[in-house]
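Dumped input_1.cif below, it's mmCIF, C-alpha atoms:
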data_final
#
loop_
_atom_site.group_PDB
_atom_site.id
_atom_site.type_symbol
_atom_site.label_atom_id
_atom_site.label_comp_id
_atom_site.auth_asym_id
_atom_site.auth_seq_id
_atom_site.Cartn_x
_atom_site.Cartn_y
_atom_site.Cartn_z
ATOM 1 C CA MET A 103 5.542 -55.269 20.068
ATOM 2 C CA GLN A 104 8.604 -55.680 17.858
ATOM 3 C CA LYS A 105 6.477 -55.303 14.706
ATOM 4 C CA ASN A 106 5.244 -51.854 15.775
ATOM 5 C CA PHE A 107 8.627 -50.617 16.951
ATOM 6 C CA ILE A 108 10.364 -50.321 13.576
ATOM 7 C CA PRO A 109 7.599 -48.308 11.817
ATOM 8 C CA LEU A 110 7.409 -46.030 14.836
ATOM 9 C CA MET A 111 11.134 -45.381 14.779
ATOM 10 C CA ALA A 112 10.956 -44.751 11.031
ATOM 11 C CA ALA A 113 8.209 -42.195 11.559
ATOM 12 C CA VAL A 114 10.228 -40.439 14.265
ATOM 13 C CA THR A 115 13.256 -40.360 11.973
ATOM 14 C CA VAL A 116 11.235 -38.839 9.104
ATOM 15 C CA PHE A 117 9.723 -36.243 11.445
ATOM 16 C CA ALA A 118 13.139 -35.294 12.832
ATOM 17 C CA ALA A 119 14.532 -34.948 9.323
ATOM 18 C CA ALA A 120 11.608 -32.757 8.295
ATOM 19 C CA VAL A 121 12.105 -30.519 11.316
ATOM 20 C CA SER A 122 15.833 -30.212 10.681
ATOM 21 C CA CYS A 123 15.189 -29.237 7.044
ATOM 22 C CA ALA A 124 12.481 -26.705 7.869
ATOM 23 C CA PRO A 125 13.583 -23.075 7.458
ATOM 24 C CA LYS A 126 14.693 -21.668 10.779
ATOM 25 C CA GLN A 127 12.991 -18.556 12.053
ATOM 26 C CA PRO A 128 15.407 -15.663 12.583
ATOM 27 C CA GLN A 129 16.352 -15.021 16.179
ATOM 28 C CA TYR A 130 16.210 -11.392 17.262
ATOM 29 C CA ALA A 131 17.658 -9.856 20.384
ATOM 30 C CA ASN A 132 14.565 -7.695 20.926
ATOM 31 C CA LYS A 133 11.332 -6.436 19.331
ATOM 32 C CA ALA A 134 12.929 -3.371 17.749
ATOM 33 C CA GLU A 135 15.494 -5.539 15.974
ATOM 34 C CA LYS A 136 12.708 -7.680 14.508
ATOM 35 C CA VAL A 137 10.815 -4.648 13.209
ATOM 36 C CA ILE A 138 13.973 -3.210 11.671
ATOM 37 C CA ALA A 139 14.502 -6.490 9.821
ATOM 38 C CA GLU A 140 10.916 -6.365 8.532
ATOM 39 C CA ILE A 141 11.372 -2.796 7.287
ATOM 40 C CA HIS A 142 14.424 -3.949 5.335
ATOM 41 C CA ASN A 143 12.576 -6.929 3.835
ATOM 42 C CA PRO A 144 10.311 -5.859 0.935
ATOM 43 C CA ASP A 145 9.158 -9.456 0.399
ATOM 44 C CA SER A 146 7.777 -9.978 3.900
ATOM 45 C CA LYS A 147 4.006 -10.454 4.262
ATOM 46 C CA TYR A 148 4.137 -9.165 7.825
ATOM 47 C CA VAL A 149 2.244 -5.880 8.117
ATOM 48 C CA ILE A 150 4.036 -3.333 10.285
ATOM 49 C CA VAL A 151 1.697 -1.269 12.469
ATOM 50 C CA ALA A 152 2.605 2.297 13.406
ATOM 51 C CA SER A 153 0.620 4.053 16.119
ATOM 52 C CA HIS A 154 -0.139 7.717 15.490
ATOM 53 C CA ARG A 155 1.050 9.753 18.503
ATOM 54 C CA GLY A 156 0.791 6.641 20.685
ATOM 55 C CA ASP A 157 -2.367 5.477 22.435
ATOM 56 C CA TRP A 158 -3.977 8.915 22.424
ATOM 57 C CA ARG A 159 -7.484 7.514 22.959
ATOM 58 C CA ASN A 160 -6.578 6.443 26.487
ATOM 59 C CA TYR A 161 -3.653 8.705 27.378
ATOM 60 C CA PRO A 162 -2.388 12.162 26.410
ATOM 61 C CA GLU A 163 -0.929 12.040 22.894
ATOM 62 C CA ASN A 164 2.845 11.838 22.489
ATOM 63 C CA SER A 165 3.176 11.083 26.207
ATOM 64 C CA LEU A 166 5.250 8.397 27.916
ATOM 65 C CA PRO A 167 2.119 6.533 29.140
ATOM 66 C CA ALA A 168 0.777 6.590 25.568
ATOM 67 C CA ILE A 169 4.032 5.043 24.361
ATOM 68 C CA GLU A 170 4.045 2.365 27.066
ATOM 69 C CA SER A 171 0.466 1.466 26.153
ATOM 70 C CA VAL A 172 1.183 0.810 22.464
ATOM 71 C CA ILE A 173 4.272 -1.206 23.372
ATOM 72 C CA ARG A 174 2.020 -3.458 25.475
ATOM 73 C CA MET A 175 -0.357 -3.777 22.514
ATOM 74 C CA GLY A 176 2.433 -5.132 20.324
ATOM 75 C CA VAL A 177 2.675 -2.085 18.043
ATOM 76 C CA ASP A 178 5.810 -2.015 15.865
ATOM 77 C CA ILE A 179 6.381 1.724 15.393
ATOM 78 C CA MET A 180 5.646 4.683 17.644
ATOM 79 C CA GLU A 181 5.056 7.838 15.586
ATOM 80 C CA LEU A 182 5.889 11.090 17.360
ATOM 81 C CA ASP A 183 6.272 14.792 16.609
ATOM 82 C CA LEU A 184 8.954 17.198 17.790
ATOM 83 C CA LYS A 185 9.217 20.831 18.774
ATOM 84 C CA LEU A 186 12.176 22.801 20.159
ATOM 85 C CA THR A 187 11.977 24.884 23.321
ATOM 86 C CA LYS A 188 13.547 28.309 23.721
ATOM 87 C CA ASP A 189 16.494 26.702 25.537
ATOM 88 C CA SER A 190 16.987 24.044 22.805
ATOM 89 C CA VAL A 191 15.309 21.010 24.358
ATOM 90 C CA LEU A 192 13.505 18.701 21.933
ATOM 91 C CA VAL A 193 10.061 17.805 23.287
ATOM 92 C CA LEU A 194 7.181 15.722 21.993
ATOM 93 C CA SER A 195 4.402 17.869 20.579
ATOM 94 C CA HIS A 196 2.470 17.961 17.340
ATOM 95 C CA ASP A 197 1.303 21.564 17.784
ATOM 96 C CA TRP A 198 3.471 24.671 17.830
ATOM 97 C CA THR A 199 1.648 25.758 20.986
ATOM 98 C CA CYS A 200 1.027 23.820 24.170
ATOM 99 C CA ASP A 201 -2.582 25.086 24.377
ATOM 100 C CA ARG A 202 -4.401 21.954 23.197
ATOM 101 C CA MET A 203 -2.335 19.279 24.924
ATOM 102 C CA THR A 204 -1.658 20.979 28.275
ATOM 103 C CA ASN A 205 -3.379 23.299 30.731
ATOM 104 C CA GLY A 206 -0.899 26.016 29.761
ATOM 105 C CA LYS A 207 -0.768 28.441 26.856
ATOM 106 C CA GLY A 208 1.916 29.725 24.537
ATOM 107 C CA ARG A 209 4.239 28.808 21.688
ATOM 108 C CA ILE A 210 6.701 26.116 22.694
ATOM 109 C CA GLU A 211 9.583 27.820 20.875
ATOM 110 C CA THR A 212 9.180 30.863 23.120
ATOM 111 C CA MET A 213 9.153 28.866 26.369
ATOM 112 C CA THR A 214 11.921 27.219 28.372
ATOM 113 C CA TYR A 215 11.761 23.554 29.219
ATOM 114 C CA ASP A 216 11.358 24.338 32.923
ATOM 115 C CA SER A 217 8.372 26.558 32.216
ATOM 116 C CA LEU A 218 6.734 23.793 30.189
ATOM 117 C CA MET A 219 7.158 21.448 33.154
ATOM 118 C CA THR A 220 4.789 23.605 35.203
ATOM 119 C CA PHE A 221 1.920 22.439 32.972
ATOM 120 C CA ASN A 222 0.058 19.125 33.041
ATOM 121 C CA LEU A 223 -0.920 17.150 29.965
ATOM 122 C CA LYS A 224 -4.524 16.793 28.832
ATOM 123 C CA THR A 225 -6.315 13.928 27.112
ATOM 124 C CA ALA A 226 -7.912 14.235 23.691
ATOM 125 C CA HIS A 227 -11.147 15.069 25.539
ATOM 126 C CA GLY A 228 -9.512 17.976 27.367
ATOM 127 C CA VAL A 229 -9.186 16.268 30.745
ATOM 128 C CA ARG A 230 -6.123 17.458 32.683
ATOM 129 C CA ILE A 231 -3.979 14.649 34.116
ATOM 130 C CA PRO A 232 -2.140 15.802 37.267
ATOM 131 C CA GLY A 233 1.473 14.662 37.509
ATOM 132 C CA THR A 234 1.974 14.329 33.748
ATOM 133 C CA HIS A 235 4.193 16.571 31.646
ATOM 134 C CA ILE A 236 5.399 17.018 28.088
ATOM 135 C CA ALA A 237 8.079 14.403 27.436
ATOM 136 C CA THR A 238 11.489 15.162 26.017
ATOM 137 C CA LEU A 239 12.761 13.212 23.030
ATOM 138 C CA ARG A 240 15.475 11.743 25.238
ATOM 139 C CA GLU A 241 12.925 10.443 27.748
ATOM 140 C CA ALA A 242 10.821 8.921 24.979
ATOM 141 C CA LEU A 243 13.781 7.180 23.344
ATOM 142 C CA GLU A 244 14.889 5.766 26.681
ATOM 143 C CA VAL A 245 11.441 4.180 27.009
ATOM 144 C CA CYS A 246 11.480 2.927 23.403
ATOM 145 C CA LYS A 247 15.023 1.538 23.317
ATOM 146 C CA ASP A 248 15.016 -2.075 22.039
ATOM 147 C CA ARG A 249 11.229 -2.256 22.496
ATOM 148 C CA ILE A 250 9.733 -0.413 19.521
ATOM 149 C CA VAL A 251 10.876 1.443 16.401
ATOM 150 C CA VAL A 252 10.360 5.213 16.506
ATOM 151 C CA ASN A 253 9.084 7.257 13.578
ATOM 152 C CA VAL A 254 10.029 10.922 13.907
ATOM 153 C CA ASP A 255 7.427 12.685 11.777
ATOM 154 C CA GLN A 256 7.856 16.422 12.342
ATOM 155 C CA GLY A 257 11.587 16.410 12.887
ATOM 156 C CA TRP A 258 13.610 16.743 9.701
ATOM 157 C CA GLU A 259 14.643 20.308 10.577
ATOM 158 C CA TYR A 260 16.121 18.976 13.824
ATOM 159 C CA TYR A 261 17.972 16.092 12.161
ATOM 160 C CA ASP A 262 21.416 16.825 13.607
ATOM 161 C CA MET A 263 20.059 17.312 17.128
ATOM 162 C CA VAL A 264 17.971 14.145 16.952
ATOM 163 C CA LEU A 265 20.919 12.143 15.640
ATOM 164 C CA ALA A 266 23.168 13.365 18.431
ATOM 165 C CA ILE A 267 20.695 12.030 21.001
ATOM 166 C CA THR A 268 20.096 8.711 19.204
ATOM 167 C CA GLU A 269 23.836 8.117 18.878
ATOM 168 C CA GLU A 270 24.381 8.823 22.564
ATOM 169 C CA LEU A 271 21.605 6.409 23.529
ATOM 170 C CA GLY A 272 22.600 3.781 20.955
ATOM 171 C CA VAL A 273 19.205 3.740 19.211
ATOM 172 C CA THR A 274 19.981 5.293 15.818
ATOM 173 C CA ASP A 275 19.231 2.094 13.897
ATOM 174 C CA GLN A 276 15.688 1.933 15.296
ATOM 175 C CA ILE A 277 14.740 5.480 14.285
ATOM 176 C CA LEU A 278 12.830 6.219 11.071
ATOM 177 C CA ILE A 279 12.558 9.845 9.983
ATOM 178 C CA LYS A 280 10.286 11.129 7.203
ATOM 179 C CA GLY A 281 10.310 14.150 4.955
ATOM 180 C CA LYS A 282 9.456 15.798 1.656
ATOM 181 C CA LYS A 283 12.907 17.135 0.840
ATOM 182 C CA PRO A 284 14.498 16.673 -2.613
ATOM 183 C CA ILE A 285 16.765 13.651 -3.008
ATOM 184 C CA GLU A 286 19.910 15.755 -3.202
ATOM 185 C CA LYS A 287 19.083 17.558 0.066
ATOM 186 C CA VAL A 288 18.592 14.243 1.853
ATOM 187 C CA ALA A 289 21.815 12.838 0.375
ATOM 188 C CA GLN A 290 23.718 15.939 1.432
ATOM 189 C CA LYS A 291 22.449 15.664 5.000
ATOM 190 C CA MET A 292 23.250 11.961 5.222
ATOM 191 C CA ALA A 293 26.743 12.498 3.800
ATOM 192 C CA GLY A 294 27.533 14.714 6.749
ATOM 193 C CA HIS A 295 27.285 11.819 9.203
ATOM 194 C CA ALA A 296 29.018 8.448 9.491
ATOM 195 C CA HIS A 297 25.856 6.824 10.874
ATOM 196 C CA ASN A 298 22.298 7.804 9.976
ATOM 197 C CA MET A 299 18.706 7.069 10.864
ATOM 198 C CA MET A 300 16.430 5.309 8.394
ATOM 199 C CA TYR A 301 14.785 7.760 5.990
ATOM 200 C CA MET A 302 11.445 7.603 4.194
ATOM 201 C CA PRO A 303 10.094 10.145 1.678
ATOM 202 C CA ILE A 304 6.490 11.343 1.979
ATOM 203 C CA ILE A 305 4.689 11.384 -1.366
ATOM 204 C CA ASP A 306 1.447 13.365 -1.777
ATOM 205 C CA ILE A 307 0.981 11.677 -5.117
ATOM 206 C CA GLN A 308 -2.043 13.694 -6.305
ATOM 207 C CA LYS A 309 -0.310 17.014 -5.721
ATOM 208 C CA PRO A 310 2.193 18.391 -8.274
ATOM 209 C CA GLN A 311 5.032 18.651 -5.757
ATOM 210 C CA GLY A 312 4.473 15.127 -4.480
ATOM 211 C CA ALA A 313 4.236 13.656 -7.963
ATOM 212 C CA ALA A 314 7.450 15.440 -8.955
ATOM 213 C CA LEU A 315 9.265 14.131 -5.876
ATOM 214 C CA PHE A 316 8.213 10.561 -6.622
ATOM 215 C CA GLN A 317 9.262 10.879 -10.258
ATOM 216 C CA SER A 318 12.666 12.173 -9.188
ATOM 217 C CA TYR A 319 13.265 8.971 -7.241
ATOM 218 C CA LEU A 320 12.259 6.899 -10.266
ATOM 219 C CA ASP A 321 14.423 8.958 -12.621
ATOM 220 C CA VAL A 322 17.634 8.394 -10.682
ATOM 221 C CA GLY A 323 16.802 4.833 -9.668
ATOM 222 C CA GLU A 324 16.886 5.637 -5.977
ATOM 223 C CA VAL A 325 15.098 2.922 -3.965
ATOM 224 C CA PRO A 326 14.331 4.020 -0.383
ATOM 225 C CA LEU A 327 13.377 1.515 2.292
ATOM 226 C CA ALA A 328 9.791 2.757 2.143
ATOM 227 C CA TYR A 329 7.528 5.486 0.830
ATOM 228 C CA GLU A 330 4.661 7.070 2.706
ATOM 229 C CA VAL A 331 2.056 7.592 -0.024
ATOM 230 C CA CYS A 332 -0.915 9.898 0.630
ATOM 231 C CA PHE A 333 -3.956 10.138 -1.639
ATOM 232 C CA SER A 334 -7.334 11.833 -1.222
ATOM 233 C CA GLU A 335 -8.914 9.539 -3.805
ATOM 234 C CA LEU A 336 -8.040 5.954 -4.658
ATOM 235 C CA ASP A 337 -7.774 6.581 -8.385
ATOM 236 C CA ASP A 338 -5.487 5.278 -11.128
ATOM 237 C CA VAL A 339 -2.764 7.742 -10.107
ATOM 238 C CA ALA A 340 -2.683 6.429 -6.536
ATOM 239 C CA ARG A 341 -2.867 2.789 -7.646
ATOM 240 C CA ASP A 342 -0.086 3.260 -10.195
ATOM 241 C CA CYS A 343 2.141 4.905 -7.590
ATOM 242 C CA ALA A 344 1.553 2.062 -5.118
ATOM 243 C CA LYS A 345 2.306 -0.489 -7.830
ATOM 244 C CA LYS A 346 5.596 1.178 -8.756
ATOM 245 C CA VAL A 347 6.657 1.458 -5.115
ATOM 246 C CA VAL A 348 6.190 -2.269 -4.561
ATOM 247 C CA GLU A 349 7.703 -3.276 -7.910
ATOM 248 C CA GLN A 350 10.907 -1.355 -7.264
ATOM 249 C CA GLY A 351 11.409 -3.118 -3.920
ATOM 250 C CA SER A 352 10.356 -0.464 -1.406
ATOM 251 C CA LYS A 353 7.853 -0.911 1.399
ATOM 252 C CA LEU A 354 4.540 0.920 0.986
ATOM 253 C CA TRP A 355 3.321 2.940 3.996
ATOM 254 C CA VAL A 356 -0.306 4.102 3.991
ATOM 255 C CA ASN A 357 -2.022 6.187 6.672
ATOM 256 C CA THR A 358 -5.503 5.060 7.703
ATOM 257 C CA LEU A 359 -5.867 7.975 10.123
ATOM 258 C CA TRP A 360 -8.455 10.030 8.293
ATOM 259 C CA ALA A 361 -10.168 9.892 4.919
ATOM 260 C CA SER A 362 -8.149 12.589 3.147
ATOM 261 C CA LEU A 363 -4.984 10.486 3.405
ATOM 262 C CA ASN A 364 -6.334 7.225 2.025
ATOM 263 C CA GLY A 365 -9.213 7.889 -0.348
ATOM 264 C CA GLY A 366 -11.821 7.317 2.352
ATOM 265 C CA TYR A 367 -10.525 3.952 3.587
ATOM 266 C CA ASP A 368 -9.842 5.083 7.126
ATOM 267 C CA ASP A 369 -9.830 3.577 10.628
ATOM 268 C CA ASP A 370 -13.200 4.926 11.729
ATOM 269 C CA ARG A 371 -14.871 3.554 8.610
ATOM 270 C CA ALA A 372 -13.276 0.163 9.287
ATOM 271 C CA TYR A 373 -14.268 0.292 12.961
ATOM 272 C CA ASP A 374 -17.902 1.056 12.094
ATOM 273 C CA ALA A 375 -18.138 -1.505 9.286
ATOM 274 C CA ALA A 376 -19.691 -4.927 9.765
ATOM 275 C CA ASP A 377 -16.487 -6.307 8.251
ATOM 276 C CA PRO A 378 -13.263 -4.282 8.702
ATOM 277 C CA GLY A 379 -11.969 -6.031 5.600
ATOM 278 C CA GLU A 380 -14.222 -3.817 3.496
ATOM 279 C CA VAL A 381 -11.747 -1.066 4.347
ATOM 280 C CA TYR A 382 -8.448 -2.598 5.376
ATOM 281 C CA ASP A 383 -8.346 -5.179 2.583
ATOM 282 C CA VAL A 384 -8.540 -2.391 0.002
ATOM 283 C CA ILE A 385 -5.441 -0.831 1.570
ATOM 284 C CA LEU A 386 -3.649 -4.181 1.816
ATOM 285 C CA ASP A 387 -4.455 -5.044 -1.799
ATOM 286 C CA LEU A 388 -2.349 -2.056 -2.882
ATOM 287 C CA GLY A 389 0.672 -3.937 -1.585
ATOM 288 C CA THR A 390 0.757 -1.993 1.669
ATOM 289 C CA SER A 391 2.999 -3.507 4.310
ATOM 290 C CA MET A 392 3.208 -0.559 6.718
ATOM 291 C CA ILE A 393 0.075 1.078 8.140
ATOM 292 C CA GLN A 394 -0.100 4.097 10.420
ATOM 293 C CA THR A 395 -3.299 3.953 12.427
ATOM 294 C CA ASP A 396 -5.321 5.719 15.087
ATOM 295 C CA ARG A 397 -6.771 2.354 16.184
ATOM 296 C CA PRO A 398 -3.682 0.172 16.689
ATOM 297 C CA GLU A 399 -5.215 -2.544 18.861
ATOM 298 C CA PHE A 400 -8.187 -2.956 16.510
ATOM 299 C CA LEU A 401 -5.961 -3.122 13.428
ATOM 300 C CA ILE A 402 -3.525 -5.587 14.984
ATOM 301 C CA LYS A 403 -6.348 -7.991 15.861
ATOM 302 C CA TYR A 404 -7.678 -7.808 12.313
ATOM 303 C CA LEU A 405 -4.249 -8.419 10.784
ATOM 304 C CA GLU A 406 -3.675 -11.383 13.082
ATOM 305 C CA LYS A 407 -6.920 -12.948 11.860
ATOM 306 C CA LYS A 408 -5.716 -12.388 8.291
ATOM 307 C CA GLY A 409 -2.438 -14.130 9.056
ATOM 308 C CA ARG A 410 -0.471 -10.980 8.279
ATOM 309 C CA ARG A 411 1.302 -10.793 11.651
#

So that I can check it, write out the structure of this file as structure tokens.
Amino acid sequence: MQKNFIPLMAAVTVFAAAVSCAPKQPQYANKAEKVIAEIHNPDSKYVIVASHRGDWRNYPENSLPAIESVIRMGVDIMELDLKLTKDSVLVLSHDWTCDRMTNGKGRIETMTYDSLMTFNLKTAHGVRIPGTHIATLREALEVCKDRIVVNVDQGWEYYDMVLAITEELGVTDQILIKGKKPIEKVAQKMAGHAHNMMYMPIIDIQKPQGAALFQSYLDVGEVPLAYEVCFSELDDVARDCAKKVVEQGSKLWVNTLWASLNGGYDDDRAYDAADPGEVYDVILDLGTSMIQTDRPEFLIKYLEKKGRR
């Protein structure tokens, strides 16, 4: 018995030493804090998943139930769109009218918030859901607080109003806003506030305006946290842009929503393929570490199998 005891103790000692020397995993207070850290880490292999308008396949798009659903899935970023009512309430809507997403009709900017509340939301298949209504930005951020990062897509023109709400709720650090504005316009806006949301430029790299915007960032040595890069064809121009984004230390965001944004390597093609890797691996091989998807649950499962989450 004594002969076996010493080697066993030695093995335990070596194991304990190995554990104590192993790199410690960062401890985060909540999911949003973890995602924020990943966005700020260009070297991370973790692929951040953004859900386009929430879980719109099962719930009305941009709705609170759609947000809750993607949070349960483990999605990292909820992408939403904003419109302003006649009485200056920011609500979640991609369209300028409420025709498609509710059983009402009319331009949101010409309607009061109370009038919008008389309408029910509809699913993507046009099915009216009694008891559901267009959500306000405030309501959405209250649901998202500490649980998921929020990407405000159509919202740059409302920057000051959005920031006022995020500051009041204490969620500014978990908000990512996108735009196509010149660097100097963005800098001017940011300079007007002591505390700002994260900002990401959108680069339509195969269009003259998009190419010029990207070059302006390179010319002045400005390195944003991330770029959203859109390309209708995966050609040398798109590949070179992706390469430069990664080399300069920014995260690369690619949309797999529909073919015109990703050279044909989209979610539906991946979903229908015998091997989703025929599509998603092409996107990942560009150095992509942020993907906006219309099939969040499907993409997350694939990334987990790849060891990228």

Can you work out which one of A:Ile285, A:Gln290, A:Asp321, A:Asp248 has the shortest atom-to-atom distance to Tyr130 (chain A), counting all atoms listed in the file?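 Ranked by minimum distance to Tyr130 (chain A), first place goes to A:Asp248.
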
Which of A:Asp201, A:Glu324, A:Glu181, A:Glu330 sits closest to Gln256 (chain A) [using all atoms listed in the file]: A:Glu181

For region 369-382 of chain A, please output as a compact mmCIF listing (two decimals) with C-alpha atoms, in the coordinates of the input all residues within 10 Å (counting all atoms listed in the file; exclusion window: fewer than 5 positions along the same chain).
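Final file, out29.txt:
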# COMPACT_ATOMS: atom_id res chain seq x y z
CA ASN A 357 -2.02 6.19 6.67
CA THR A 358 -5.50 5.06 7.70
CA LEU A 359 -5.87 7.98 10.12
CA TRP A 360 -8.46 10.03 8.29
CA ALA A 361 -10.17 9.89 4.92
CA ASN A 364 -6.33 7.22 2.02
CA ASP A 387 -4.46 -5.04 -1.80
CA THR A 390 0.76 -1.99 1.67
CA ILE A 393 0.08 1.08 8.14
CA GLN A 394 -0.10 4.10 10.42
CA THR A 395 -3.30 3.95 12.43
CA ASP A 396 -5.32 5.72 15.09
CA ARG A 397 -6.77 2.35 16.18
CA PRO A 398 -3.68 0.17 16.69
CA PHE A 400 -8.19 -2.96 16.51
CA LEU A 401 -5.96 -3.12 13.43
CA TYR A 404 -7.68 -7.81 12.31
CA LEU A 405 -4.25 -8.42 10.78
CA LYS A 408 -5.72 -12.39 8.29

Test item: the PyMOL selection byres ((chain A and resi 216-228) around 6) resolved as JSON, numbers by chain: {"A": [161, 162, 203, 204, 205, 206, 214, 215, 229, 230, 231, 232, 234, 235]}

What's the 7 Å shell around Tyr301 (chain A), counting all atoms listed in the file, without same-chain residues fewer than 3 positions away, as a PyMOL selection string? chain A and resi 278-280
